[in-house]
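Containing mmCIF, C-alpha atoms: work-v1.cif.
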```
data_model
#
loop_
_atom_site.label_atom_id
_atom_site.label_comp_id
_atom_site.auth_asym_id
_atom_site.auth_seq_id
_atom_site.Cartn_x
_atom_site.Cartn_y
_atom_site.Cartn_z
CA MET A 413 24.72 -81.54 34.55
CA THR A 414 26.80 -78.39 34.14
CA SER A 415 30.56 -78.22 33.77
CA ILE A 416 32.87 -75.22 33.49
CA LYS A 417 36.36 -75.84 32.11
CA VAL A 418 39.29 -73.51 31.49
CA LYS A 419 40.86 -73.77 28.04
CA PHE A 420 43.69 -72.14 26.11
CA ARG A 421 43.62 -71.00 22.50
CA PRO A 422 47.11 -70.30 21.08
CA SER A 423 47.71 -67.41 18.74
CA THR A 424 47.88 -68.10 15.02
CA ILE A 425 51.24 -66.32 15.12
CA PRO A 426 53.93 -68.52 16.69
CA GLY A 427 55.40 -67.15 19.94
CA HIS A 428 52.58 -64.63 20.50
CA LEU A 429 50.17 -64.45 23.41
CA GLY A 430 47.22 -66.81 23.27
CA SER A 431 43.84 -66.39 24.98
CA ILE A 432 42.29 -68.21 27.92
CA TYR A 433 38.60 -68.96 27.69
CA TYR A 434 35.91 -70.76 29.66
CA GLN A 435 34.04 -73.70 28.15
CA VAL A 436 30.48 -74.02 29.47
CA SER A 437 28.70 -77.35 29.00
CA HIS A 438 25.06 -77.92 29.95
CA GLU A 439 22.67 -80.58 28.64
CA ARG A 440 25.06 -81.47 25.79
CA LYS A 441 25.27 -77.85 24.65
CA VAL A 442 28.72 -76.25 24.69
CA ARG A 443 29.43 -72.52 24.74
CA GLN A 444 32.64 -70.53 25.03
CA ILE A 445 33.31 -67.19 26.68
CA ASN A 446 36.57 -65.27 26.54
CA SER A 447 38.21 -64.50 29.88
CA GLY A 448 40.22 -61.58 28.49
CA LEU A 449 43.37 -63.17 29.91
CA LEU A 450 46.43 -63.72 27.70
CA VAL A 451 49.48 -65.96 28.21
CA PHE A 452 52.28 -67.41 26.14
CA PRO A 453 51.97 -71.07 25.05
CA ASP A 454 54.74 -72.25 27.38
CA GLU A 455 52.89 -70.67 30.31
CA TRP A 456 49.84 -72.90 29.89
CA ASP A 457 49.60 -76.24 31.70
CA ALA A 458 47.02 -78.18 29.63
CA ARG A 459 47.00 -81.17 31.98
CA ARG A 460 46.01 -79.03 34.99
CA SER A 461 44.04 -76.46 32.96
CA THR A 462 45.86 -73.52 34.51
CA VAL A 463 48.84 -71.24 33.98
CA ALA A 464 52.24 -72.59 34.87
CA THR A 465 55.10 -70.79 36.57
CA SER A 466 57.09 -68.90 33.97
CA HIS A 467 60.85 -69.14 33.63
CA ASP A 468 60.80 -65.40 32.94
CA SER A 469 60.97 -63.72 36.36
CA THR A 470 59.50 -60.50 34.93
CA ARG A 471 56.29 -62.43 34.18
CA MET A 472 55.93 -64.00 37.62
CA SER A 473 53.66 -61.29 39.03
CA ALA A 474 51.44 -61.37 35.93
CA ILE A 475 51.17 -65.17 36.04
CA LEU A 476 50.14 -65.20 39.69
CA SER A 477 47.55 -62.49 38.97
CA ILE A 478 46.13 -64.46 36.02
CA ARG A 479 45.93 -67.61 38.11
CA LYS A 480 43.94 -65.74 40.75
CA GLN A 481 41.63 -64.20 38.13
CA ILE A 482 40.92 -67.62 36.63
CA HIS A 483 39.93 -68.87 40.08
CA ILE A 484 37.65 -65.86 40.61
CA GLY A 485 36.07 -66.41 37.19
CA LEU A 486 35.25 -69.99 38.09
CA GLU A 487 33.72 -68.77 41.35
CA ARG A 488 31.50 -66.37 39.37
CA PHE A 489 30.29 -69.22 37.17
CA GLY A 490 29.64 -71.36 40.23
CA LYS A 491 27.55 -68.62 41.80
CA ILE A 492 25.55 -68.12 38.59
CA VAL A 493 24.87 -71.85 38.22
CA ARG A 494 23.75 -72.16 41.84
CA ARG A 495 21.38 -69.22 41.44
CA LEU A 496 19.88 -70.71 38.26
CA GLU A 497 19.54 -74.11 39.94
CA ASN A 498 17.84 -72.59 42.98
CA SER A 499 15.35 -70.71 40.79
CA GLY A 500 13.72 -74.05 39.94
CA LEU A 501 13.39 -73.00 36.28
CA ALA A 502 14.92 -74.65 33.25
CA TYR A 503 18.02 -72.95 31.91
CA SER A 504 20.50 -73.40 29.09
CA ALA A 505 24.22 -72.96 28.45
CA ASP A 506 23.34 -69.66 26.78
CA ASP A 507 21.64 -68.49 29.98
CA ILE A 508 24.83 -69.18 31.91
CA THR A 509 27.10 -67.30 29.50
CA ASN A 510 24.62 -64.41 29.20
CA GLU A 511 24.47 -64.06 32.98
CA TYR A 512 28.26 -64.11 33.11
CA THR A 513 28.54 -61.40 30.44
CA ILE A 514 26.02 -59.18 32.23
CA TYR A 515 27.83 -59.71 35.53
CA ALA A 516 31.22 -58.86 34.02
CA ARG A 517 29.83 -55.64 32.51
CA LYS A 518 27.69 -54.48 35.42
CA TYR A 519 29.79 -55.34 38.44
CA THR A 520 33.07 -53.66 37.73
CA LEU A 521 34.18 -51.19 40.36
CA CYS A 522 33.74 -48.24 37.98
CA ASN A 523 30.31 -49.22 36.66
CA PHE A 524 28.95 -50.13 40.09
CA THR A 525 30.29 -46.93 41.69
CA GLU A 526 29.01 -44.76 38.85
CA ALA A 527 25.54 -46.26 39.35
CA ILE A 528 25.74 -45.32 43.04
CA ILE A 529 26.87 -41.79 42.12
CA ALA A 530 23.94 -41.39 39.71
CA LYS A 531 21.50 -42.50 42.40
CA LEU A 532 23.00 -40.09 44.92
CA ARG A 533 22.53 -37.23 42.48
CA GLN A 534 18.94 -38.24 41.78
CA THR A 535 18.16 -38.13 45.49
CA GLY A 536 19.75 -34.68 45.89
CA LYS A 537 22.88 -35.87 47.72
CA ILE A 538 25.15 -33.85 45.45
CA ARG A 539 28.03 -33.35 47.87
CA THR A 540 28.17 -37.06 48.71
CA SER A 541 28.10 -37.94 45.00
CA GLU A 542 31.06 -35.61 44.46
CA THR A 543 33.10 -37.33 47.17
CA TYR A 544 32.34 -40.74 45.62
CA ALA A 545 33.37 -39.40 42.21
CA ALA A 546 36.61 -38.01 43.63
CA ALA A 547 37.52 -41.37 45.19
CA LEU A 548 36.66 -43.24 41.98
CA ASN A 549 38.73 -40.85 39.85
CA SER A 550 41.69 -41.33 42.17
CA PHE A 551 41.47 -45.11 41.92
CA LYS A 552 41.09 -44.94 38.12
CA LYS A 553 44.35 -42.95 37.96
CA PHE A 554 45.98 -45.69 39.99
CA LEU A 555 44.65 -48.34 37.58
CA SER A 556 45.97 -46.29 34.63
CA TYR A 557 49.36 -46.24 36.34
CA LYS A 558 49.24 -50.02 36.73
CA THR A 559 48.36 -50.36 33.04
CA LYS A 560 51.61 -48.65 32.12
CA GLU A 561 53.66 -50.57 34.65
CA GLU A 562 52.31 -54.06 33.92
CA THR A 563 51.06 -55.97 30.89
CA SER A 564 48.45 -54.68 28.48
CA GLN A 565 45.92 -57.03 30.12
CA THR A 566 45.32 -54.62 32.99
CA LYS A 567 42.30 -52.46 32.18
CA VAL A 568 41.37 -49.09 33.65
CA ASP A 569 38.69 -50.85 35.66
CA ILE A 570 38.51 -53.89 37.88
CA MET A 571 35.84 -56.39 38.84
CA LEU A 572 34.51 -55.89 42.34
CA ASP A 573 35.34 -59.47 43.25
CA CYS A 574 38.94 -58.91 42.09
CA LEU A 575 39.63 -56.25 44.70
CA SER A 576 42.16 -57.74 47.07
CA ALA A 577 44.15 -56.70 50.13
CA GLU A 578 47.28 -56.66 47.94
CA ILE A 579 45.71 -54.25 45.42
CA MET A 580 44.47 -51.92 48.13
CA GLU A 581 47.86 -51.90 49.84
CA GLU A 582 49.46 -51.09 46.49
CA TYR A 583 46.95 -48.28 45.98
CA GLU A 584 47.71 -46.86 49.43
CA THR A 585 51.45 -46.93 48.68
CA TRP A 586 50.86 -45.25 45.31
CA LEU A 587 48.93 -42.43 47.03
CA GLN A 588 51.67 -42.00 49.64
CA HIS A 589 54.36 -41.74 46.94
CA ARG A 590 52.29 -38.97 45.35
CA GLY A 591 52.45 -37.00 48.58
CA ILE A 592 48.83 -37.65 49.60
CA ARG A 593 48.40 -37.28 53.35
CA PRO A 594 47.07 -40.08 55.60
CA ASN A 595 43.64 -38.50 56.13
CA SER A 596 43.18 -38.19 52.36
CA THR A 597 44.29 -41.78 51.67
CA SER A 598 41.91 -42.88 54.44
CA PHE A 599 39.12 -40.78 52.90
CA TYR A 600 39.48 -42.56 49.53
CA ALA A 601 39.76 -45.99 51.17
CA ARG A 602 36.63 -45.45 53.28
CA ILE A 603 34.56 -44.51 50.25
CA LEU A 604 35.80 -47.49 48.24
CA ARG A 605 35.08 -49.71 51.24
CA ALA A 606 31.52 -48.33 51.41
CA VAL A 607 31.04 -49.22 47.73
CA TYR A 608 32.49 -52.69 48.29
CA ASN A 609 30.33 -53.31 51.36
CA ARG A 610 27.23 -52.30 49.42
CA ALA A 611 28.06 -54.98 46.82
CA VAL A 612 28.52 -57.51 49.66
CA GLU A 613 25.15 -56.53 51.18
CA GLN A 614 23.47 -57.02 47.81
CA ASP A 615 24.99 -60.53 47.58
CA ILE A 616 26.88 -59.55 44.42
CA ILE A 617 30.24 -60.61 45.84
CA GLU A 618 31.60 -62.42 48.87
CA ASN A 619 33.54 -60.34 51.37
CA ARG A 620 37.27 -60.94 50.89
CA HIS A 621 38.12 -58.10 53.33
CA PRO A 622 40.40 -56.20 50.92
CA PHE A 623 40.65 -53.17 53.22
CA ARG A 624 41.98 -55.00 56.26
CA HIS A 625 45.58 -53.77 55.84
CA VAL A 626 45.01 -50.17 54.70
CA TYR A 627 44.50 -47.17 56.95
CA THR A 628 40.87 -46.08 57.26
CA GLY A 629 41.09 -44.01 60.43
CA ILE A 630 41.32 -40.25 60.98
CA CYS A 631 44.51 -38.62 62.21
CA LYS A 632 44.49 -35.46 64.24
CA THR A 633 45.44 -32.73 61.80
CA VAL A 634 47.98 -30.02 62.48
CA LYS A 635 45.99 -27.07 63.74
CA ARG A 636 45.46 -24.39 61.14
CA ALA A 637 44.52 -21.51 63.40
CA LEU A 638 45.67 -17.89 63.21
CA PRO A 639 46.60 -15.96 66.35
CA LEU A 640 44.27 -13.19 67.39
CA ASP A 641 46.74 -10.44 66.40
CA THR A 642 46.89 -11.74 62.82
CA ILE A 643 43.10 -11.85 62.55
CA ARG A 644 42.95 -8.28 63.81
CA LYS A 645 45.50 -7.28 61.18
CA ILE A 646 43.56 -8.97 58.38
CA LYS A 647 40.35 -7.32 59.54
CA ALA A 648 41.99 -3.86 59.59
CA MET A 649 43.65 -4.09 56.15
CA ASP A 650 42.55 -1.46 53.62
CA LEU A 651 41.87 -3.54 50.51
CA SER A 652 39.41 -1.14 48.88
CA ALA A 653 41.73 -0.65 45.89
CA THR A 654 41.48 -4.37 45.06
CA PRO A 655 37.82 -5.46 45.23
CA THR A 656 38.57 -9.17 44.74
CA LEU A 657 40.92 -9.20 47.74
CA ASP A 658 38.48 -7.09 49.74
CA PHE A 659 35.68 -9.56 49.04
CA ALA A 660 37.84 -12.59 49.94
CA ARG A 661 38.78 -10.94 53.26
CA ASP A 662 35.13 -10.13 53.99
CA ILE A 663 34.02 -13.72 53.38
CA PHE A 664 36.85 -15.00 55.59
CA MET A 665 35.85 -12.64 58.37
CA MET A 666 32.17 -13.53 57.93
CA SER A 667 33.06 -17.20 58.40
CA PHE A 668 34.91 -16.26 61.58
CA TYR A 669 32.01 -14.12 62.82
CA LEU A 670 29.61 -17.00 62.15
CA ARG A 671 31.53 -19.28 64.54
CA GLY A 672 33.69 -20.80 61.83
CA MET A 673 30.80 -21.62 59.50
CA SER A 674 31.93 -23.71 56.52
CA PHE A 675 32.02 -22.06 53.10
CA ILE A 676 29.36 -24.32 51.61
CA ASP A 677 26.99 -23.47 54.46
CA MET A 678 27.65 -19.74 54.00
CA ALA A 679 27.21 -19.93 50.22
CA PHE A 680 23.79 -21.54 50.50
CA LEU A 681 22.43 -19.45 53.39
CA ARG A 682 19.15 -17.93 52.22
CA LYS A 683 17.88 -14.49 53.08
CA ASN A 684 14.92 -16.01 54.89
CA ASP A 685 17.35 -17.95 57.14
CA LEU A 686 17.97 -14.62 58.89
CA LYS A 687 15.03 -13.60 61.04
CA ASN A 688 14.39 -12.34 64.58
CA GLY A 689 18.04 -11.41 65.03
CA ALA A 690 19.45 -14.88 64.32
CA VAL A 691 20.56 -17.13 61.46
CA THR A 692 19.11 -20.65 61.52
CA TYR A 693 20.56 -23.29 59.21
CA ARG A 694 21.47 -26.97 58.93
CA ARG A 695 25.03 -28.01 58.29
CA HIS A 696 25.51 -29.65 54.90
CA LYS A 697 28.01 -32.07 56.42
CA THR A 698 26.02 -33.39 59.37
CA GLY A 699 22.45 -32.08 59.06
CA GLN A 700 22.77 -30.57 62.54
CA GLN A 701 20.65 -27.43 63.04
CA LEU A 702 22.51 -24.40 64.38
CA ILE A 703 21.24 -20.99 65.45
CA ILE A 704 23.66 -18.04 65.46
CA GLY A 705 22.87 -14.63 66.88
CA TRP A 706 23.24 -11.85 64.28
CA THR A 707 25.80 -9.14 65.14
CA LYS A 708 26.73 -5.68 63.87
CA GLU A 709 29.96 -7.11 62.39
CA MET A 710 27.98 -9.48 60.21
CA GLN A 711 25.56 -6.74 59.17
CA HIS A 712 28.46 -4.46 58.21
CA ILE A 713 29.61 -6.99 55.61
CA ILE A 714 26.09 -7.44 54.25
CA ASP A 715 25.74 -3.65 53.93
CA LYS A 716 28.91 -3.49 51.80
CA TYR A 717 27.19 -5.50 49.05
CA PRO A 718 23.70 -4.00 48.66
CA THR A 719 23.19 -5.15 45.05
CA ASN A 720 22.63 -8.79 45.90
CA ASN A 721 19.57 -9.81 43.87
CA SER A 722 19.81 -13.55 44.51
CA ALA A 723 17.84 -15.55 47.08
CA TYR A 724 21.03 -16.07 49.06
CA LEU A 725 22.07 -14.01 52.05
CA LEU A 726 25.70 -13.55 51.04
CA PRO A 727 26.86 -12.39 47.58
CA ILE A 728 28.72 -15.62 46.81
CA ILE A 729 26.27 -17.20 44.35
CA ARG A 730 25.16 -14.12 42.46
CA GLU A 731 22.29 -15.68 40.54
CA THR A 732 19.86 -18.42 41.53
CA ALA A 733 20.23 -20.82 38.59
CA ALA A 734 20.83 -24.42 37.58
CA ASN A 735 24.63 -24.01 37.70
CA GLU A 736 24.77 -23.00 41.37
CA ARG A 737 27.19 -25.81 42.23
CA ASN A 738 29.65 -24.55 39.61
CA ALA A 739 29.24 -21.00 40.88
CA TYR A 740 29.94 -22.21 44.42
CA ARG A 741 33.06 -24.14 43.36
CA ASN A 742 34.42 -21.24 41.30
CA ALA A 743 33.86 -18.81 44.17
CA ASN A 744 35.56 -21.19 46.60
CA TYR A 745 38.60 -21.47 44.31
CA ASN A 746 38.88 -17.71 43.68
CA ILE A 747 38.42 -16.74 47.33
CA ASN A 748 41.02 -19.22 48.57
CA ARG A 749 43.47 -18.08 45.89
CA ASN A 750 43.02 -14.44 46.97
CA LEU A 751 43.28 -15.36 50.64
CA LYS A 752 46.77 -16.69 50.00
CA LYS A 753 47.73 -13.26 48.65
CA ILE A 754 46.22 -11.62 51.73
CA ALA A 755 48.17 -13.99 53.98
CA ARG A 756 51.44 -12.90 52.37
CA MET A 757 50.48 -9.22 52.70
CA ALA A 758 49.58 -9.70 56.36
CA GLY A 759 52.64 -11.81 57.16
CA ALA A 760 50.40 -14.64 58.35
CA PRO A 761 52.29 -17.60 59.82
CA LEU A 762 50.45 -20.11 57.60
CA PRO A 763 48.62 -20.21 54.24
CA LEU A 764 45.18 -18.69 54.53
CA THR A 765 42.07 -20.61 53.44
CA LEU A 766 38.42 -20.41 54.37
CA TYR A 767 38.82 -23.46 56.58
CA VAL A 768 41.37 -21.58 58.68
CA ALA A 769 38.51 -19.37 59.92
CA ARG A 770 36.87 -22.41 61.55
CA HIS A 771 40.07 -23.43 63.31
CA SER A 772 40.78 -19.83 64.29
CA TRP A 773 37.41 -19.23 65.91
CA ALA A 774 37.83 -22.29 68.12
CA SER A 775 41.43 -21.39 68.92
CA VAL A 776 40.60 -17.79 69.84
CA ALA A 777 37.71 -19.00 72.00
CA LYS A 778 40.13 -21.14 73.95
CA ALA A 779 42.75 -18.40 74.14
CA ILE A 780 40.40 -15.84 75.71
CA GLY A 781 39.12 -18.30 78.29
CA ILE A 782 35.82 -19.53 76.85
CA PRO A 783 35.05 -22.73 78.84
CA LEU A 784 35.46 -26.04 77.06
CA SER A 785 31.82 -26.71 77.88
CA ILE A 786 30.95 -23.85 75.47
CA ILE A 787 33.28 -24.75 72.61
CA SER A 788 35.37 -27.93 72.48
CA GLU A 789 39.06 -27.45 72.15
CA GLY A 790 39.54 -25.98 68.69
CA MET A 791 39.51 -28.80 66.18
CA GLY A 792 41.20 -31.18 68.60
CA HIS A 793 38.47 -33.83 68.76
CA ASP A 794 38.94 -37.14 66.97
CA SER A 795 35.48 -36.88 65.43
CA GLU A 796 32.85 -34.28 64.75
CA THR A 797 30.42 -36.26 66.88
CA THR A 798 32.22 -35.15 70.05
CA THR A 799 32.04 -31.50 69.01
CA LYS A 800 28.36 -31.90 68.20
CA ILE A 801 27.71 -33.39 71.66
CA TYR A 802 29.37 -30.37 73.31
CA LEU A 803 27.46 -27.82 71.23
CA SER A 804 24.05 -29.52 71.36
CA SER A 805 24.10 -29.69 75.14
CA ILE A 806 24.57 -25.95 75.59
CA GLY A 807 21.98 -23.23 75.33
CA THR A 808 22.08 -21.04 72.23
CA SER A 809 22.32 -17.86 74.28
CA ALA A 810 25.45 -19.10 76.04
CA ILE A 811 27.16 -19.75 72.69
CA ASP A 812 26.02 -16.37 71.34
CA ASN A 813 27.44 -14.67 74.42
CA ALA A 814 30.71 -16.47 73.85
CA ASN A 815 30.72 -15.39 70.21
CA GLU A 816 30.10 -11.76 71.16
CA LYS A 817 33.04 -11.98 73.58
CA ILE A 818 35.24 -13.33 70.79
CA LEU A 819 34.19 -10.65 68.29
CA SER A 820 34.67 -7.87 70.82
CA SER A 821 38.26 -9.08 71.29
CA LEU A 822 38.95 -8.02 67.71
#
```

Go through the file and emit its structure as structure tokens.
Amino acid sequence: MTSIKVKFRPSTIPGHLGSIYYQVSHERKVRQINSGLLVFPDEWDARRSTVATSHDSTRMSAILSIRKQIHIGLERFGKIVRRLENSGLAYSADDITNEYTIYARKYTLCNFTEAIIAKLRQTGKIRTSETYAAALNSFKKFLSYKTKEETSQTKVDIMLDCLSAEIMEEYETWLQHRGIRPNSTSFYARILRAVYNRAVEQDIIENRHPFRHVYTGICKTVKRALPLDTIRKIKAMDLSATPTLDFARDIFMMSFYLRGMSFIDMAFLRKNDLKNGAVTYRRHKTGQQLIIGWTKEMQHIIDKYPTNNSAYLLPIIRETAANERNAYRNANYNINRNLKKIARMAGAPLPLTLYVARHSWASVAKAIGIPLSIISEGMGHDSETTTKIYLSSIGTSAIDNANEKILSSL
């Protein structure tokens, strides 16, 4: 017979917070395990073994949270006991408390997510691991904010089974107040939901549907495309006196020439990807294979940088080494910073980034009458899948012909 009871231990100092603990009894053995929850003596209802409503209105939110956490703790114990019972093996009160301690350490949001991130890195999914890390860091900042706003009981971590719809709504509101746009708040929520769902699939927690009230969709973004005249102006600028600006402009134009190729795909293009008059590569984001006809405009940029001794086609990552990811990130930062200077010099109607080249190629294609069957309308699709369907159903030569028409318009 196993029993789990909730108890309160008052502080030795009168009027101070006391601690709530669980008492585990099994086969006449009794063990105690601290819940980490603290309340004042007048907030403890000994008869009902729970926290009572406080007369202090400023403590109401904390009391309700503690009451919920006690309930979740009891659910954890119940799950552990059922699993031990179903194993058919003898177990002790120590086994129950040890399992609880391991669970509480292993299945926090931070620890569980960090384990996923480590596995992603081991399997070579570096970019995905970085997005998971970004979402986790964002949520940890939110938890740090809550620590300052609420009682000292709130830790910069949270148990997976403590994630609730209320917490996720609060997180979404916190992001919005920080000026984070809907697509970014959705991005973080989708990653956290993926982590949560993985824990549900592994039978670590029960699904409480904490993401049901937060936005996890994708809004159409405001188009970030330059008009053809501005691209012509940027192309024609004499930046030879400032090599860093000249290089940033060349990489921007190369992205445009390569049908709006993303910077990460350009950075990791290898010299042997260019053969028989075409570049063949797989997109980092989707894994889709693309083939792009090589043009004189592309070759002109390559010829400007003849001292490229790396294995890569473009002089973005200068040396093939273990710190290539850092080199890529640093180059991305520096190029985008210099592109903003170029935008001001050119009188561009919007801030210039490498991603603008992708929007601009699609926009120019539409403007000069390239059929929608060749290139879907700019970046207007709700998902990349639609764009992929358009592109994959068209012959490579047709797309290359369209690209040559676009480049000749410059």

I'd like the residues picked by the PyMOL selection byres ((chain A and resi 666-678) around 9) written out as a PyMOL selection string, using the chain letters and numbers from the file. chain A and resi 661-665+679-682+693-697+704-707+709-710+713+725-726+728+740+744+766-774+815-816+818-819

Result set of the PyMOL selection byres ((chain A and resi 427) around 12) on the coordinates above, as a ChimeraX atom specification: /A:422-426,428-430,451-455

Nearest to Arg749 (chain A): which of A:Leu521, A:Ile508, A:Ala660, A:Ala601 is it, counting all atoms listed in the file?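 Distance minimum relative to Arg749 (chain A) lands on A:Ala660.
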
Counting only C-alpha atoms, the residue among A:Tyr503, A:Phe524, A:Tyr557, A:Tyr512 that lies closest to Ser447 (chain A) is A:Tyr512

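Taking all atoms listed in the file into account, Thr628 (chain A) lies nearest to A:Phe599 out of the set A:Tyr434, A:Phe551, A:Tyr583, A:Phe599.
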